[in-house]
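Heads up, coords_23.csv below (CSV, N, CA and C atoms):
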chain,number,residue,atom,x,y,z
A,29,MET,N,-10.6,-0.9,-4.8
A,29,MET,CA,-11.9,-0.2,-5.2
A,29,MET,C,-12.5,0.5,-4.0
A,30,ILE,N,-12.4,-0.2,-2.8
A,30,ILE,CA,-13.0,0.4,-1.6
A,30,ILE,C,-12.2,1.6,-1.2
A,31,LYS,N,-10.8,1.4,-1.2
A,31,LYS,CA,-10.0,2.6,-0.9
A,31,LYS,C,-10.2,3.8,-1.7
A,32,LYS,N,-10.5,3.5,-3.0
A,32,LYS,CA,-10.8,4.6,-3.9
A,32,LYS,C,-12.1,5.4,-3.5
A,33,GLU,N,-13.1,4.6,-3.2
A,33,GLU,CA,-14.4,5.2,-2.7
A,33,GLU,C,-14.2,6.0,-1.5
A,34,ILE,N,-13.4,5.5,-0.5
A,34,ILE,CA,-13.2,6.2,0.7
A,34,ILE,C,-12.4,7.5,0.4
A,35,LEU,N,-11.4,7.4,-0.5
A,35,LEU,CA,-10.6,8.6,-0.8
A,35,LEU,C,-11.5,9.6,-1.5
A,36,ILE,N,-12.4,9.2,-2.3
A,36,ILE,CA,-13.3,10.2,-3.0
A,36,ILE,C,-14.2,10.9,-1.9
A,37,GLY,N,-14.7,10.1,-1.0
A,37,GLY,CA,-15.5,10.7,0.1
A,37,GLY,C,-14.7,11.6,1.0
A,38,PHE,N,-13.4,11.2,1.2
A,38,PHE,CA,-12.6,12.1,2.1
A,38,PHE,C,-12.3,13.4,1.4
A,39,ILE,N,-11.9,13.4,0.1
A,39,ILE,CA,-11.7,14.6,-0.7
A,39,ILE,C,-12.9,15.4,-0.7
A,40,THR,N,-14.1,14.8,-1.0
A,40,THR,CA,-15.3,15.5,-1.0
A,40,THR,C,-15.6,16.2,0.3
A,41,GLY,N,-15.3,15.5,1.4
A,41,GLY,CA,-15.5,16.1,2.8
A,41,GLY,C,-14.6,17.3,3.0
A,42,ILE,N,-13.4,17.2,2.6
A,42,ILE,CA,-12.4,18.3,2.8
A,42,ILE,C,-12.9,19.5,2.0
A,43,ILE,N,-13.3,19.3,0.7
A,43,ILE,CA,-13.7,20.3,-0.2
A,43,ILE,C,-15.0,21.0,0.4
A,44,ALA,N,-15.9,20.1,0.8
A,44,ALA,CA,-17.2,20.7,1.4
A,44,ALA,C,-16.9,21.5,2.6
A,45,ASN,N,-16.0,21.1,3.5
A,45,ASN,CA,-15.7,21.8,4.7
A,45,ASN,C,-15.1,23.2,4.3
A,46,SER,N,-14.2,23.2,3.3
A,46,SER,CA,-13.5,24.4,2.8
A,46,SER,C,-14.6,25.4,2.2
A,47,VAL,N,-15.5,24.8,1.4
A,47,VAL,CA,-16.5,25.6,0.8
A,47,VAL,C,-17.4,26.2,1.9
A,48,GLY,N,-17.7,25.4,2.9
A,48,GLY,CA,-18.6,25.9,4.0
A,48,GLY,C,-18.0,27.0,4.7
A,49,ILE,N,-16.7,27.0,5.0
A,49,ILE,CA,-15.9,28.1,5.6
A,49,ILE,C,-16.0,29.3,4.8
A,50,ILE,N,-15.7,29.2,3.5
A,50,ILE,CA,-15.7,30.3,2.6
A,50,ILE,C,-17.1,31.0,2.5
A,51,ILE,N,-18.2,30.1,2.4
A,51,ILE,CA,-19.5,30.6,2.3
A,51,ILE,C,-19.9,31.4,3.6
A,52,TYR,N,-19.5,30.8,4.7
A,52,TYR,CA,-19.8,31.5,6.0
A,52,TYR,C,-19.1,32.9,6.1
A,53,ILE,N,-17.8,32.9,5.7
A,53,ILE,CA,-17.1,34.2,5.7
A,53,ILE,C,-17.7,35.2,4.7
A,54,LEU,N,-18.1,34.7,3.5
A,54,LEU,CA,-18.7,35.7,2.6
A,54,LEU,C,-20.0,36.2,3.0
A,55,LEU,N,-20.8,35.4,3.7
A,55,LEU,CA,-22.1,35.8,4.2
A,55,LEU,C,-22.1,36.7,5.4
A,56,PHE,N,-21.2,36.4,6.4
A,56,PHE,CA,-21.2,37.0,7.7
A,56,PHE,C,-20.1,37.9,8.1
A,57,SER,N,-19.0,37.9,7.3
A,57,SER,CA,-17.8,38.7,7.7
A,57,SER,C,-17.8,40.0,6.8
A,58,GLU,N,-17.3,41.0,7.5
A,58,GLU,CA,-17.1,42.3,6.8
A,58,GLU,C,-15.8,42.4,6.1
A,59,LEU,N,-14.9,41.5,6.5
A,59,LEU,CA,-13.5,41.4,6.0
A,59,LEU,C,-13.5,40.4,4.8
A,60,GLY,N,-12.4,40.4,4.1
A,60,GLY,CA,-12.1,39.4,3.1
A,60,GLY,C,-11.8,38.1,3.7
A,61,ILE,N,-11.6,37.1,2.8
A,61,ILE,CA,-11.4,35.7,3.3
A,61,ILE,C,-10.1,35.6,4.1
A,62,ALA,N,-9.0,36.1,3.5
A,62,ALA,CA,-7.7,36.0,4.1
A,62,ALA,C,-7.7,36.8,5.5
A,63,GLU,N,-8.3,38.0,5.5
A,63,GLU,CA,-8.2,38.8,6.7
A,63,GLU,C,-9.1,38.2,7.8
A,64,THR,N,-10.2,37.6,7.4
A,64,THR,CA,-11.0,36.9,8.4
A,64,THR,C,-10.3,35.7,9.0
A,65,LEU,N,-9.6,34.9,8.2
A,65,LEU,CA,-8.9,33.8,8.7
A,65,LEU,C,-7.8,34.2,9.6
A,66,LYS,N,-7.1,35.3,9.3
A,66,LYS,CA,-6.0,35.8,10.1
A,66,LYS,C,-6.6,36.3,11.5
A,67,ALA,N,-7.7,37.0,11.4
A,67,ALA,CA,-8.4,37.5,12.6
A,67,ALA,C,-8.9,36.3,13.4
A,68,ALA,N,-9.4,35.3,12.8
A,68,ALA,CA,-9.9,34.1,13.5
A,68,ALA,C,-8.7,33.4,14.2
A,69,GLN,N,-7.6,33.3,13.6
A,69,GLN,CA,-6.5,32.6,14.2
A,69,GLN,C,-5.9,33.5,15.4
A,70,LYS,N,-5.9,34.8,15.2
A,70,LYS,CA,-5.4,35.7,16.2
A,70,LYS,C,-6.3,35.7,17.5
A,71,ASN,N,-7.6,35.7,17.2
A,71,ASN,CA,-8.6,35.7,18.3
A,71,ASN,C,-9.1,34.4,18.8
A,72,ASN,N,-8.5,33.3,18.4
A,72,ASN,CA,-8.7,32.0,18.8
A,72,ASN,C,-10.2,31.5,18.5
A,73,PHE,N,-10.7,31.8,17.3
A,73,PHE,CA,-12.0,31.2,17.0
A,73,PHE,C,-11.9,30.6,15.6
A,74,LEU,N,-10.7,30.1,15.2
A,74,LEU,CA,-10.6,29.4,14.0
A,74,LEU,C,-11.3,28.1,14.1
A,75,GLY,N,-11.3,27.4,15.2
A,75,GLY,CA,-12.0,26.2,15.4
A,75,GLY,C,-13.5,26.3,15.2
A,76,SER,N,-14.0,27.4,15.6
A,76,SER,CA,-15.4,27.7,15.4
A,76,SER,C,-15.7,27.8,13.9
A,77,LEU,N,-14.9,28.4,13.1
A,77,LEU,CA,-15.1,28.5,11.7
A,77,LEU,C,-15.0,27.1,11.0
A,78,ILE,N,-14.1,26.3,11.5
A,78,ILE,CA,-14.0,25.0,10.9
A,78,ILE,C,-15.2,24.2,11.2
A,79,ALA,N,-15.7,24.3,12.5
A,79,ALA,CA,-16.9,23.6,12.9
A,79,ALA,C,-18.1,24.0,12.0
A,80,LEU,N,-18.2,25.3,11.8
A,80,LEU,CA,-19.4,25.8,11.0
A,80,LEU,C,-19.2,25.3,9.5
A,81,GLY,N,-18.0,25.3,9.0
A,81,GLY,CA,-17.8,24.8,7.7
A,81,GLY,C,-18.1,23.3,7.6
A,82,ALA,N,-18.0,22.5,8.6
A,82,ALA,CA,-18.3,21.1,8.6
A,82,ALA,C,-19.8,20.8,8.5
A,83,ILE,N,-20.6,21.8,8.6
A,83,ILE,CA,-22.1,21.5,8.5
A,83,ILE,C,-22.4,20.9,7.1
A,84,LEU,N,-21.7,21.4,6.1
A,84,LEU,CA,-21.9,20.9,4.8
A,84,LEU,C,-21.6,19.4,4.7
A,85,ASN,N,-20.6,18.9,5.5
A,85,ASN,CA,-20.3,17.5,5.5
A,85,ASN,C,-21.5,16.6,5.9
A,86,LEU,N,-22.3,17.2,6.8
A,86,LEU,CA,-23.5,16.4,7.2
A,86,LEU,C,-24.4,16.2,6.0
A,87,ILE,N,-24.6,17.2,5.2
A,87,ILE,CA,-25.5,17.1,4.0
A,87,ILE,C,-24.9,16.0,3.1
A,88,ILE,N,-23.6,16.2,2.8
A,88,ILE,CA,-22.9,15.3,1.9
A,88,ILE,C,-22.9,13.8,2.4
A,89,PHE,N,-22.7,13.6,3.7
A,89,PHE,CA,-22.7,12.3,4.3
A,89,PHE,C,-24.1,11.6,4.1
A,90,PHE,N,-25.2,12.3,4.4
A,90,PHE,CA,-26.5,11.7,4.2
A,90,PHE,C,-26.8,11.5,2.7
A,91,LEU,N,-26.3,12.4,1.9
A,91,LEU,CA,-26.5,12.2,0.4
A,91,LEU,C,-25.9,10.9,-0.1
A,92,PHE,N,-24.7,10.7,0.4
A,92,PHE,CA,-24.0,9.5,0.0
A,92,PHE,C,-24.7,8.2,0.6
A,93,LEU,N,-25.2,8.3,1.8
A,93,LEU,CA,-25.9,7.2,2.3
A,93,LEU,C,-27.2,6.9,1.6
A,94,LYS,N,-27.9,8.0,1.2
A,94,LYS,CA,-29.1,7.8,0.4
A,94,LYS,C,-28.9,7.2,-1.0
A,95,GLN,N,-27.7,7.5,-1.6
A,95,GLN,CA,-27.3,7.0,-2.9
A,95,GLN,C,-26.7,5.6,-2.7
A,96,ASN,N,-26.7,5.0,-1.5
A,96,ASN,CA,-26.2,3.7,-1.2
A,96,ASN,C,-24.7,3.7,-1.6
A,97,ARG,N,-23.9,4.6,-1.1
A,97,ARG,CA,-22.5,4.7,-1.3
A,97,ARG,C,-21.9,4.8,0.1
A,98,PRO,N,-21.9,3.7,0.9
A,98,PRO,CA,-21.4,3.8,2.3
A,98,PRO,C,-19.9,4.1,2.4
A,99,TYR,N,-19.1,3.6,1.4
A,99,TYR,CA,-17.7,3.9,1.6
A,99,TYR,C,-17.4,5.3,1.4
A,100,ARG,N,-18.1,6.0,0.5
A,100,ARG,CA,-17.9,7.4,0.3
A,100,ARG,C,-18.3,8.2,1.6
A,101,ALA,N,-19.4,7.7,2.2
A,101,ALA,CA,-19.9,8.3,3.4
A,101,ALA,C,-18.9,8.1,4.5
A,102,ARG,N,-18.2,7.0,4.5
A,102,ARG,CA,-17.1,6.8,5.5
A,102,ARG,C,-16.0,7.8,5.3
A,103,GLY,N,-15.7,8.1,4.0
A,103,GLY,CA,-14.6,9.0,3.7
A,103,GLY,C,-15.0,10.4,4.2
A,104,VAL,N,-16.3,10.8,4.1
A,104,VAL,CA,-16.7,12.1,4.6
A,104,VAL,C,-16.6,12.1,6.1
A,105,LEU,N,-17.0,11.0,6.7
A,105,LEU,CA,-16.9,10.9,8.2
A,105,LEU,C,-15.5,11.0,8.6
A,106,LEU,N,-14.5,10.4,7.9
A,106,LEU,CA,-13.1,10.6,8.2
A,106,LEU,C,-12.7,12.0,8.1
A,107,ALA,N,-13.1,12.7,7.1
A,107,ALA,CA,-12.8,14.1,6.9
A,107,ALA,C,-13.3,14.9,8.1
A,108,THR,N,-14.5,14.6,8.5
A,108,THR,CA,-15.1,15.3,9.6
A,108,THR,C,-14.4,15.0,11.0
A,109,LEU,N,-13.9,13.8,11.1
A,109,LEU,CA,-13.1,13.5,12.3
A,109,LEU,C,-11.8,14.2,12.3
A,110,ILE,N,-11.2,14.4,11.2
A,110,ILE,CA,-9.9,15.1,11.1
A,110,ILE,C,-10.2,16.6,11.4
A,111,ALA,N,-11.3,17.1,10.9
A,111,ALA,CA,-11.7,18.5,11.3
A,111,ALA,C,-11.9,18.6,12.8
A,112,ALA,N,-12.5,17.6,13.4
A,112,ALA,CA,-12.7,17.7,14.9
A,112,ALA,C,-11.4,17.6,15.6
A,113,VAL,N,-10.4,16.8,15.2
A,113,VAL,CA,-9.1,16.8,15.8
A,113,VAL,C,-8.4,18.1,15.6
A,114,THR,N,-8.5,18.7,14.4
A,114,THR,CA,-7.9,20.0,14.2
A,114,THR,C,-8.5,21.1,15.1
A,115,ILE,N,-9.8,21.0,15.3
A,115,ILE,CA,-10.5,22.0,16.3
A,115,ILE,C,-10.0,21.7,17.7
A,116,ALA,N,-9.9,20.5,18.1
A,116,ALA,CA,-9.4,20.2,19.4
A,116,ALA,C,-7.9,20.7,19.6
A,117,ILE,N,-7.1,20.5,18.6
A,117,ILE,CA,-5.7,20.9,18.7
A,117,ILE,C,-5.7,22.5,18.8
A,118,SER,N,-6.5,23.1,18.0
A,118,SER,CA,-6.5,24.6,18.0
A,118,SER,C,-7.0,25.2,19.3
A,119,LYS,N,-7.9,24.5,19.9
A,119,LYS,CA,-8.5,25.0,21.2
A,119,LYS,C,-7.6,24.8,22.4
A,120,PHE,N,-6.8,23.7,22.4
A,120,PHE,CA,-6.0,23.3,23.6
A,120,PHE,C,-4.6,23.7,23.4
A,121,SER,N,-4.2,24.3,22.3
A,121,SER,CA,-2.8,24.7,22.2
A,121,SER,C,-2.6,26.1,22.4
Written as structure tokens, how would this file's structure read?
Amino acid sequence: MIKKEILIGFITGIIANSVGIIIYILLFSELGIAETLKAAQKNNFLGSLIALGAILNLIIFFLFLKQNRPYRARGVLLATLIAAVTIAISKFS
């Protein structure tokens, strides 16, 4: 049961991060989604896009804590940590 709650939180965190990236691109980019992601990878600011997308994870994390769902909040935290590792790998490679 606990693993299921963490998995739900993890999937929620990944989806929230992806939605955050898409929302940021739609609001602030003149290019389409695919073109912006290609340009971000080419110009080495893909990590910045991932970090901006992770802002929604903060909201989801505190929402789960307020609803007294700590294991789902742990899943969101795990998704955020994976995003941070992805950012670090993209910056240093």
Please provide the set of residues having any atom within 12 Å of A:Ile50, restricted to only C-alpha atoms, with same-chain residues fewer than 2 positions apart removed, written as a compact mmCIF listing (two decimals) with N, CA and C atoms, in the coordinates of the input.
# COMPACT_ATOMS: atom_id res chain seq x y z
N ILE A 43 -13.30 19.30 0.70
CA ILE A 43 -13.70 20.30 -0.20
C ILE A 43 -15.00 21.00 0.40
N ALA A 44 -15.90 20.10 0.80
CA ALA A 44 -17.20 20.70 1.40
C ALA A 44 -16.90 21.50 2.60
N ASN A 45 -16.00 21.10 3.50
CA ASN A 45 -15.70 21.80 4.70
C ASN A 45 -15.10 23.20 4.30
N SER A 46 -14.20 23.20 3.30
CA SER A 46 -13.50 24.40 2.80
C SER A 46 -14.60 25.40 2.20
N VAL A 47 -15.50 24.80 1.40
CA VAL A 47 -16.50 25.60 0.80
C VAL A 47 -17.40 26.20 1.90
N GLY A 48 -17.70 25.40 2.90
CA GLY A 48 -18.60 25.90 4.00
C GLY A 48 -18.00 27.00 4.70
N TYR A 52 -19.50 30.80 4.70
CA TYR A 52 -19.80 31.50 6.00
C TYR A 52 -19.10 32.90 6.10
N ILE A 53 -17.80 32.90 5.70
CA ILE A 53 -17.10 34.20 5.70
C ILE A 53 -17.70 35.20 4.70
N LEU A 54 -18.10 34.70 3.50
CA LEU A 54 -18.70 35.70 2.60
C LEU A 54 -20.00 36.20 3.00
N LEU A 55 -20.80 35.40 3.70
CA LEU A 55 -22.10 35.80 4.20
C LEU A 55 -22.10 36.70 5.40
N PHE A 56 -21.20 36.40 6.40
CA PHE A 56 -21.20 37.00 7.70
C PHE A 56 -20.10 37.90 8.10
N SER A 57 -19.00 37.90 7.30
CA SER A 57 -17.80 38.70 7.70
C SER A 57 -17.80 40.00 6.80
N LEU A 59 -14.90 41.50 6.50
CA LEU A 59 -13.50 41.40 6.00
C LEU A 59 -13.50 40.40 4.80
N GLY A 60 -12.40 40.40 4.10
CA GLY A 60 -12.10 39.40 3.10
C GLY A 60 -11.80 38.10 3.70
N ILE A 61 -11.60 37.10 2.80
CA ILE A 61 -11.40 35.70 3.30
C ILE A 61 -10.10 35.60 4.10
N ALA A 62 -9.00 36.10 3.50
CA ALA A 62 -7.70 36.00 4.10
C ALA A 62 -7.70 36.80 5.50
N THR A 64 -10.20 37.60 7.40
CA THR A 64 -11.00 36.90 8.40
C THR A 64 -10.30 35.70 9.00
N LEU A 65 -9.60 34.90 8.20
CA LEU A 65 -8.90 33.80 8.70
C LEU A 65 -7.80 34.20 9.60
N LEU A 77 -14.90 28.40 13.10
CA LEU A 77 -15.10 28.50 11.70
C LEU A 77 -15.00 27.10 11.00
N ILE A 78 -14.10 26.30 11.50
CA ILE A 78 -14.00 25.00 10.90
C ILE A 78 -15.20 24.20 11.20
N LEU A 80 -18.20 25.30 11.80
CA LEU A 80 -19.40 25.80 11.00
C LEU A 80 -19.20 25.30 9.50
N GLY A 81 -18.00 25.30 9.00
CA GLY A 81 -17.80 24.80 7.70
C GLY A 81 -18.10 23.30 7.60
N ALA A 82 -18.00 22.50 8.60
CA ALA A 82 -18.30 21.10 8.60
C ALA A 82 -19.80 20.80 8.50
N LEU A 84 -21.70 21.40 6.10
CA LEU A 84 -21.90 20.90 4.80
C LEU A 84 -21.60 19.40 4.70
Open item on the list: With only C-alpha atoms as the counted atoms, please give the residues lying no more than 8 Å from stretch 112-115 of chain A, apart from itself and same-chain residues fewer than 6 positions off, as a list in words.
Closed with: Leu74, Gly75, Ser76, Ile78 and Ala79 of chain A
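Closest approach to A:Ile110 among A:Leu35, A:Met29, A:Ala67, A:Ile42: A:Ile42, based on only C-alpha atoms.
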Open item on the list: I'd like the interatomic distance between atom CA of A:Lys119 and atom CA of A:Asn72, to a tenth of an Å.
Closed with: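 Computed distance, atom CA of A:Lys119 to atom CA of A:Asn72, equals 7.4 Å.
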TODO: Identify which of the residues A:Gln95, A:Ile87, A:Gly103, A:Gln69 lies closest to A:Lys31, counting only C-alpha atoms when measuring atom-to-atom distances.
DONE: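 Among A:Gln95, A:Ile87, A:Gly103, A:Gln69, it is A:Gly103 that comes nearest to A:Lys31.
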Task: Point-to-point distance from atom C of A:Leu91 to atom C of A:Ile30, Å rounded to tenths - done: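 Computing it gives 16.6 Å between the two atoms.
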Task: Spatial neighbours of A:Leu105, 12 Å, only C-alpha atoms, chain gap at least 3 places, as a ChimeraX atom specification - done: /A:34-42,44-45,82-90,92-93,98-102,108-112
- [ ] Identify which of the residues A:Glu58, A:Ile49, A:Ser118, A:Ala107 lies closest to A:Phe73, counting only N, CA and C atoms when measuring atom-to-atom distances.
- [x] A:Ser118
- [ ] Go ahead and compute the interatomic distance for atom CA of A:Lys66 and atom C of A:Ile117, in Å to one decimal.
- [x]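 So the two atoms, atom CA of A:Lys66 and atom C of A:Ile117, lie 15.9 Å apart.
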